[in-house]
Structures are given as structure tokens and as C-alpha cells.
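Note: the block below is start-v5.csv and it holds CSV, C-alpha atoms.
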```
chain,number,residue,atom,x,y,z
P,15,MET,CA,11.0,-24.7,14.2
P,16,LEU,CA,9.4,-22.5,16.9
P,17,THR,CA,12.7,-20.6,17.4
P,18,ASN,CA,12.6,-19.7,13.7
P,19,LEU,CA,9.0,-18.4,13.9
P,20,GLU,CA,9.9,-16.4,17.0
P,21,LEU,CA,13.0,-14.9,15.3
P,22,ARG,CA,10.8,-13.8,12.4
P,23,ASP,CA,8.3,-12.3,14.8
P,24,LEU,CA,5.5,-14.5,13.6
P,25,ILE,CA,4.7,-16.0,17.0
P,26,ALA,CA,5.4,-14.9,20.6
P,27,GLU,CA,5.2,-16.6,24.0
P,28,VAL,CA,1.9,-15.8,25.6
P,29,GLY,CA,2.1,-17.7,28.8
P,30,ARG,CA,2.8,-21.1,30.4
P,31,GLY,CA,0.5,-24.1,30.6
P,32,THR,CA,-0.5,-25.6,34.0
P,33,GLY,CA,0.4,-29.2,33.0
P,34,PRO,CA,3.5,-31.1,33.8
P,35,GLY,CA,6.6,-29.1,32.9
P,36,GLN,CA,4.6,-25.9,32.5
P,37,PRO,CA,4.9,-25.9,28.7
P,38,LYS,CA,5.2,-22.6,26.8
P,39,LEU,CA,2.1,-21.3,25.1
P,40,TYR,CA,2.5,-19.4,21.8
P,41,GLY,CA,0.2,-17.1,19.9
P,42,THR,CA,0.4,-15.4,16.6
P,43,THR,CA,1.6,-11.8,16.1
P,44,MET,CA,0.3,-8.9,14.0
P,45,ARG,CA,3.3,-9.6,11.7
P,46,PHE,CA,1.9,-13.1,11.2
P,47,LEU,CA,-1.3,-11.6,10.0
P,48,GLN,CA,0.4,-9.2,7.7
P,49,VAL,CA,2.7,-11.9,6.2
P,50,MET,CA,-0.3,-14.2,5.6
P,51,GLY,CA,-2.4,-11.3,4.1
P,52,LEU,CA,-5.1,-11.5,6.8
P,53,GLU,CA,-6.9,-8.6,8.5
P,54,SER,CA,-7.6,-10.7,11.6
P,55,LEU,CA,-7.7,-14.3,12.8
P,56,ASP,CA,-11.4,-14.3,12.0
P,57,ARG,CA,-10.4,-14.5,8.3
P,58,LEU,CA,-8.9,-18.0,8.9
P,59,PRO,CA,-11.1,-20.9,7.8
P,60,THR,CA,-12.9,-22.8,10.6
P,61,PRO,CA,-10.8,-25.9,11.4
P,62,ARG,CA,-12.4,-29.2,10.3
P,63,ILE,CA,-12.7,-31.6,13.2
P,64,ASP,CA,-12.2,-35.2,12.3
P,65,ARG,CA,-14.7,-37.4,14.1
P,66,GLU,CA,-11.9,-40.0,14.7
P,67,THR,CA,-9.7,-37.3,16.4
P,68,ASP,CA,-10.4,-36.2,20.0
P,69,ALA,CA,-11.6,-32.6,19.8
P,70,SER,CA,-9.7,-31.8,23.0
P,71,THR,CA,-6.3,-32.3,21.3
P,72,PRO,CA,-4.3,-29.1,20.4
P,73,SER,CA,-4.2,-30.0,16.7
P,74,SER,CA,-7.9,-29.9,16.4
P,75,GLY,CA,-8.5,-26.3,17.5
P,76,ARG,CA,-7.0,-22.9,17.5
P,77,ALA,CA,-4.3,-22.0,20.0
P,78,ALA,CA,-4.3,-18.9,22.2
P,79,THR,CA,-3.6,-15.8,20.3
P,80,LYS,CA,-2.0,-12.5,21.3
P,81,ASN,CA,-1.6,-9.7,18.9
P,82,ALA,CA,1.8,-8.1,19.5
```
Could you rewrite the structure in this file as C-alpha cells?
Amino acid sequence: MLTNLELRDLIAEVGRGTGPGQPKLYGTTMRFLQVMGLESLDRLPTPRIDRETDASTPSSGRAATKNA
């Protein structure tokens, strides 16, 4: 899945995590914004945080973003 998004220039690697295995960190590109019809990431809706979900999990917030 991530490879397909990278090949379509919708995401790009923006760094490495400091945890075990130093996982890759991805961010969206300007092409992502164009394809989604957005002027900036500020146009995205605010994520709804489920009280039963830990707010520190990656799925509950926005990832790092780099405009390429």
C-alpha cells in the first residue's frame, strides 16, 4: 500500500523514527493536496478522538507532513 502511494507521489519518506527498528516516517506531498482538491492540510477536518482510544496512538492524530 505505501509503495503504491509513493509511486504515485502522494506520500514521501520524511525521516526515521527513534523507536525499535527505526521505522520510516511518511508525509503527504503537494501532489496529494492537488489530487484531494485541498489548498493546504489546514483544510482537512479535525480528527475526532475517541475517548476509548489512547490519544497517543498514530491513528488518532495527524502524521508528520512534508510538502514536496
| request: Counting only C-alpha atoms, find the residues whose atoms lie at most 12 Å from (-8.8, -13.3, 11.5) (file coordinates) and write them out as a PyMOL selection string. | output: chain P and resi 42-44+46-48+50-60+76+79-81
| request: Could you please determine the separation between CA of Leu16 in chain P and CA of Tyr40 in chain P in Å, to one decimal place? | output: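 Interatomic distance, CA of Leu16 in chain P to CA of Tyr40 in chain P: 9.0 Å.
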| field | Separation of CA of Gly31 in chain P from CA of Asp64 in chain P in Å | value |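 The value is 24.9 Å.
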| request: Please work out which residues fall within 6 Å of (2.5, -20.2, 23.5), coordinates as given in the file, with all atoms listed in the file counting, and return them as a VMD selection string. | output: chain P and resid 27 to 29 38 to 41
Prev. selection, C-alpha atoms, output as a short mmCIF file (atom, residue, chain, number, x, y, z; two decimals), keeping the file's coordinate frame:
```cif
data_model
loop_
_atom_site.label_atom_id
_atom_site.label_comp_id
_atom_site.auth_asym_id
_atom_site.auth_seq_id
_atom_site.Cartn_x
_atom_site.Cartn_y
_atom_site.Cartn_z
CA GLU P 27 5.20 -16.60 24.00
CA VAL P 28 1.90 -15.80 25.60
CA GLY P 29 2.10 -17.70 28.80
CA LYS P 38 5.20 -22.60 26.80
CA LEU P 39 2.10 -21.30 25.10
CA TYR P 40 2.50 -19.40 21.80
CA GLY P 41 0.20 -17.10 19.90
#
```
| query | Could you state the separation of CA of Pro37 in chain P and CA of Ile25 in chain P in Å, given to one decimal place? | reply |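 Going from CA of Pro37 in chain P over to CA of Ile25 in chain P, I get 15.3 Å.
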